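> Have a look at this one.
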Amino acid sequence: MRWMCGSVEELERIAAEVVQAIGQPAVVLLNGSMGAGKTTFTRAVVECLGAAEEASSPTFSIVNEYPLANGDVVYHFDLYRLESPAEVEDIGIEEYVYSGNWCFIEWPERAMDFMPEDCYRIDIEVVGGERMIQLSSPT
């Protein structure tokens, strides 16, 4: 699935469509250059899922947790600052990605050895002032 997004309203609609397309909590790998909108997209998804608080960038905390009204949790990772597989392992990433909760992971290439095979992938690219958002299902 692929969308072009030029506004916050469109992003909210796309986030809802992504959640509906995936259908259940999953690990979602977010790919895109610095400033492409990975955190902004995650913020829209977390809001769509009904989190009480607004998502923010976990750049310094590495992972943010957002409780949902139904008792589930959304985990949002920013792995940009991690430099080795040992650092990824040290944060306990496997516990998160195999928890059965939503996990949105920015800079996932730093942790591919720890990811389940059934991850979804979101690619975000800036194209002429808009964002192209593409969802790929697990193979």
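So you can find residues: chains in the structure tokens are A, B, ... in the order shown, residues in each start at 1, and ligands are numbered from 1 in order.
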So that I can see what lies close to Ile22 in chain A, please list as a list in words the residues with an atom at most 9 Å from it, counting only C-alpha atoms and leaving out residues fewer than 4 positions away in the same chain.

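Answer for this query is Glu17, Val18, Ala26, Tyr120 and Ser137 of chain A.
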
> Need the shell around Thr42 in chain A: protein/DNA/RNA residues with any atom at most 9 Å away, counting only C-alpha atoms. Skip same-chain ones fewer than 4 positions apart. Format as a list in words?

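The residues that qualify are Ala15, Leu30, Gly37, Lys38, Val46, Glu47, Ala55, Ser56, His76 and Phe104 of chain A.
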
> Need the shell around Ile91 in chain A: protein/DNA/RNA residues with any atom at most 12 Å away, counting only C-alpha atoms. Skip same-chain ones fewer than 4 positions apart. Format as an mmCIF file with N, CA and C atoms, in the first residue's frame?


```cif
data_model
loop_
_atom_site.group_PDB
_atom_site.id
_atom_site.type_symbol
_atom_site.label_atom_id
_atom_site.label_comp_id
_atom_site.auth_asym_id
_atom_site.auth_seq_id
_atom_site.Cartn_x
_atom_site.Cartn_y
_atom_site.Cartn_z
ATOM 1 N N SER A 61 16.016 8.657 25.080
ATOM 2 C CA SER A 61 15.587 7.571 25.964
ATOM 3 C C SER A 61 15.661 6.211 25.271
ATOM 4 N N ILE A 62 15.837 6.174 23.992
ATOM 5 C CA ILE A 62 15.886 4.991 23.126
ATOM 6 C C ILE A 62 14.497 4.378 22.924
ATOM 7 N N VAL A 63 13.705 4.245 23.986
ATOM 8 C CA VAL A 63 12.357 3.684 23.844
ATOM 9 C C VAL A 63 11.385 4.485 24.703
ATOM 10 N N PHE A 77 10.698 3.032 19.408
ATOM 11 C CA PHE A 77 12.160 3.029 19.527
ATOM 12 C C PHE A 77 12.786 3.996 18.540
ATOM 13 N N ASP A 78 13.882 4.611 18.955
ATOM 14 C CA ASP A 78 14.768 5.351 18.063
ATOM 15 C C ASP A 78 16.159 4.796 18.325
ATOM 16 N N LEU A 79 16.650 3.977 17.418
ATOM 17 C CA LEU A 79 17.920 3.283 17.603
ATOM 18 C C LEU A 79 19.103 4.038 17.000
ATOM 19 N N LEU A 82 22.494 4.021 18.848
ATOM 20 C CA LEU A 82 23.125 2.745 19.175
ATOM 21 C C LEU A 82 24.128 2.374 18.087
ATOM 22 N N SER A 84 26.200 -0.690 18.146
ATOM 23 C CA SER A 84 26.605 -2.088 17.988
ATOM 24 C C SER A 84 25.446 -3.013 18.353
ATOM 25 N N PRO A 85 25.506 -4.252 17.862
ATOM 26 C CA PRO A 85 24.489 -5.229 18.262
ATOM 27 C C PRO A 85 24.447 -5.429 19.780
ATOM 28 N N ALA A 86 25.598 -5.326 20.443
ATOM 29 C CA ALA A 86 25.625 -5.481 21.906
ATOM 30 C C ALA A 86 24.786 -4.406 22.584
ATOM 31 N N GLU A 87 24.850 -3.173 22.079
ATOM 32 C CA GLU A 87 24.038 -2.093 22.655
ATOM 33 C C GLU A 87 22.555 -2.351 22.431
ATOM 34 N N GLU A 95 12.706 -8.627 24.285
ATOM 35 C CA GLU A 95 11.534 -8.656 25.171
ATOM 36 C C GLU A 95 10.412 -7.791 24.618
ATOM 37 N N TYR A 96 10.770 -6.655 24.039
ATOM 38 C CA TYR A 96 9.768 -5.751 23.474
ATOM 39 C C TYR A 96 9.162 -6.324 22.195
ATOM 40 N N VAL A 97 10.019 -6.739 21.256
ATOM 41 C CA VAL A 97 9.503 -7.142 19.943
ATOM 42 C C VAL A 97 8.754 -8.472 19.972
ATOM 43 N N ALA A 111 19.231 -3.215 14.311
ATOM 44 C CA ALA A 111 18.728 -4.300 15.165
ATOM 45 C C ALA A 111 18.141 -5.478 14.395
ATOM 46 N N PHE A 114 17.759 -9.060 15.692
ATOM 47 C CA PHE A 114 16.858 -9.314 16.812
ATOM 48 C C PHE A 114 15.375 -9.252 16.419
#
```

> Can you tell me which residues surround range 7-13 of chain A at a distance of at most 10 Å, considering only C-alpha atoms, apart from same-chain residues fewer than 3 positions away, and format the answer as a PyMOL selection string?

chain A and resi 3-4+16-18+40-41+43-45+47-48+130-131+133

> Those residues with N, CA and C atoms, as a CSV table (one decimal), in the first residue's frame please?


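Just written: selection.csv:
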```
chain,number,residue,atom,x,y,z
A,3,TRP,N,0.8,5.7,-0.1
A,3,TRP,CA,0.0,7.0,0.1
A,3,TRP,C,1.0,8.2,-0.2
A,4,MET,N,0.4,9.2,-0.7
A,4,MET,CA,1.0,10.5,-0.7
A,4,MET,C,0.4,11.4,0.4
A,16,ALA,N,-4.6,5.7,10.4
A,16,ALA,CA,-5.7,4.8,10.6
A,16,ALA,C,-5.8,3.7,9.6
A,17,GLU,N,-5.5,4.0,8.4
A,17,GLU,CA,-5.5,2.9,7.3
A,17,GLU,C,-4.4,1.9,7.5
A,18,VAL,N,-3.2,2.4,8.0
A,18,VAL,CA,-2.1,1.5,8.3
A,18,VAL,C,-2.5,0.5,9.4
A,40,THR,N,6.8,11.7,13.4
A,40,THR,CA,5.5,12.3,13.2
A,40,THR,C,4.5,11.2,12.8
A,41,PHE,N,4.9,10.3,11.9
A,41,PHE,CA,4.0,9.2,11.6
A,41,PHE,C,3.6,8.4,12.8
A,43,ARG,N,3.6,9.3,15.9
A,43,ARG,CA,2.7,10.1,16.7
A,43,ARG,C,1.3,9.9,16.2
A,44,ALA,N,1.1,10.0,14.9
A,44,ALA,CA,-0.3,9.8,14.4
A,44,ALA,C,-0.9,8.4,14.6
A,45,VAL,N,0.0,7.4,14.5
A,45,VAL,CA,-0.5,6.0,14.8
A,45,VAL,C,-0.8,5.9,16.3
A,47,GLU,N,-1.8,8.1,18.4
A,47,GLU,CA,-3.0,8.8,18.6
A,47,GLU,C,-4.2,8.0,18.1
A,48,CYS,N,-4.1,7.4,16.9
A,48,CYS,CA,-5.1,6.6,16.3
A,48,CYS,C,-5.5,5.4,17.2
A,130,GLU,N,5.9,16.7,-0.3
A,130,GLU,CA,5.0,15.7,0.3
A,130,GLU,C,5.8,14.5,0.8
A,131,ARG,N,5.1,13.7,1.6
A,131,ARG,CA,5.7,12.5,2.1
A,131,ARG,C,5.0,11.3,1.3
A,133,ILE,N,4.4,7.5,1.7
A,133,ILE,CA,4.4,6.5,2.8
A,133,ILE,C,4.0,5.2,2.1
```

> Would you mind writing down, as a PyMOL selection string, each residue of chain A that DSSP on the backbone assigns to strand (DSSP E or B)?

chain A and resi 2-5+27-31+51+63-68+73-78+102-106+120-127+130-136

> Near Met115 in chain A, within 9 Å and counting only C-alpha atoms, which residues show up once chain neighbours fewer than 3 positions away are dropped, as a ChimeraX atom specification?

/A:27,93-94,97-98,108,111-112,118-119

> Convert the current residue selection to file output with C-alpha atoms, as a PDB file, in the first residue's frame.


```
ATOM      1  CA  VAL A  27       6.501  -4.904  14.886  1.00  0.00           C
ATOM      2  CA  ILE A  93      14.879  -5.305  22.530  1.00  0.00           C
ATOM      3  CA  GLU A  94      13.847  -8.937  22.165  1.00  0.00           C
ATOM      4  CA  VAL A  97       9.503  -7.142  19.943  1.00  0.00           C
ATOM      5  CA  TYR A  98       8.199 -10.508  21.150  1.00  0.00           C
ATOM      6  CA  PRO A 108      15.799  -0.649  12.497  1.00  0.00           C
ATOM      7  CA  ALA A 111      18.728  -4.300  15.165  1.00  0.00           C
ATOM      8  CA  MET A 112      17.805  -6.632  12.325  1.00  0.00           C
ATOM      9  CA  ASP A 118       6.923 -11.183  10.464  1.00  0.00           C
ATOM     10  CA  CYS A 119       7.737  -7.457  10.712  1.00  0.00           C
TER      11      CYS A 119
END
```

> Going by DSSP on the backbone, which residues of range 29-104 of chain A come out as alpha helix (DSSP H)? List them as a list in words.

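After running DSSP on the backbone, range 29-104 of chain A has alpha helix (DSSP H) at Lys38, Thr39, Thr40, Phe41, Thr42, Arg43, Ala44, Val45, Val46, Glu47, Cys48, Pro85, Ala86, Glu87, Val88, Glu89, Asp90, Ile93, Glu94, Glu95, Tyr96 and Val97 of chain A.
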
> Would you mind exporting the chosen residues as a PDB file, in the first residue's frame, restricted to C-alpha atoms?


```pdb
ATOM      1  CA  LYS A  38       9.174   8.743  11.115  1.00  0.00           C
ATOM      2  CA  THR A  39       8.372  10.193  14.547  1.00  0.00           C
ATOM      3  CA  THR A  40       5.519  12.293  13.156  1.00  0.00           C
ATOM      4  CA  PHE A  41       4.021   9.189  11.558  1.00  0.00           C
ATOM      5  CA  THR A  42       4.373   7.240  14.819  1.00  0.00           C
ATOM      6  CA  ARG A  43       2.707  10.103  16.696  1.00  0.00           C
ATOM      7  CA  ALA A  44      -0.306   9.834  14.370  1.00  0.00           C
ATOM      8  CA  VAL A  45      -0.504   6.044  14.795  1.00  0.00           C
ATOM      9  CA  VAL A  46      -0.219   6.241  18.590  1.00  0.00           C
ATOM     10  CA  GLU A  47      -3.031   8.803  18.626  1.00  0.00           C
ATOM     11  CA  CYS A  48      -5.130   6.591  16.337  1.00  0.00           C
ATOM     12  CA  PRO A  85      24.489  -5.229  18.262  1.00  0.00           C
ATOM     13  CA  ALA A  86      25.625  -5.481  21.906  1.00  0.00           C
ATOM     14  CA  GLU A  87      24.038  -2.093  22.655  1.00  0.00           C
ATOM     15  CA  VAL A  88      20.812  -3.203  20.971  1.00  0.00           C
ATOM     16  CA  GLU A  89      20.812  -6.397  22.995  1.00  0.00           C
ATOM     17  CA  ASP A  90      21.538  -4.459  26.214  1.00  0.00           C
ATOM     18  CA  ILE A  93      14.879  -5.305  22.530  1.00  0.00           C
ATOM     19  CA  GLU A  94      13.847  -8.937  22.165  1.00  0.00           C
ATOM     20  CA  GLU A  95      11.534  -8.656  25.171  1.00  0.00           C
ATOM     21  CA  TYR A  96       9.768  -5.751  23.474  1.00  0.00           C
ATOM     22  CA  VAL A  97       9.503  -7.142  19.943  1.00  0.00           C
TER      23      VAL A  97
END
```

> Check the smallest atom-to-atom distance from each of A:Leu49, A:Leu135, A:Ile122, A:Ile105 to Gln24 in chain A using only C-alpha atoms, then report the winner.

A:Leu49

> Which of these, A:Glu117, A:Glu125, A:Cys5, A:Glu53, has the shortest distance to Glu65 in chain A once you count only C-alpha atoms?

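The shortest atom-to-atom distance to Glu65 in chain A comes from A:Glu53.
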
> Work out how far apart CA of Ser33 in chain A and CA of Gln20 in chain A are and give it in Å to one decimal.

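That distance, rounded to one decimal, is 25.5 Å.
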
> Hey, what's within 9 Å of Pro67 in chain A if we count only C-alpha atoms and toss same-chain stuff fewer than 2 positions away? As a PyMOL selection string, please?

chain A and resi 50-53+65+69-75

> Those residues with C-alpha atoms, as a PDB file, in the first residue's frame please?


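The result, written out as again.pdb:
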```pdb
ATOM      1  CA  GLY A  50      -5.973   5.750  21.580  1.00  0.00           C
ATOM      2  CA  ALA A  51      -2.934   6.497  23.735  1.00  0.00           C
ATOM      3  CA  ALA A  52      -3.579   8.990  26.504  1.00  0.00           C
ATOM      4  CA  GLU A  53      -0.349  10.881  25.865  1.00  0.00           C
ATOM      5  CA  GLU A  65       6.092   3.493  26.144  1.00  0.00           C
ATOM      6  CA  ALA A  69      -6.988   2.397  27.188  1.00  0.00           C
ATOM      7  CA  ASN A  70      -7.363  -1.377  26.627  1.00  0.00           C
ATOM      8  CA  GLY A  71      -4.280  -2.110  28.744  1.00  0.00           C
ATOM      9  CA  ASP A  72      -1.933  -2.721  25.816  1.00  0.00           C
ATOM     10  CA  VAL A  73       1.235  -0.702  25.314  1.00  0.00           C
ATOM     11  CA  VAL A  74       2.823   0.843  22.230  1.00  0.00           C
ATOM     12  CA  TYR A  75       6.629   0.823  22.197  1.00  0.00           C
TER      13      TYR A  75
END
```

> Go through A:Leu68, A:Met132, A:Leu29, A:Ala36 one by one, measure the shortest atom-to-atom distance of each to Met1 in chain A using only C-alpha atoms, and give the residue with the smallest value.

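Closest to Met1 in chain A of all the choices is A:Met132.
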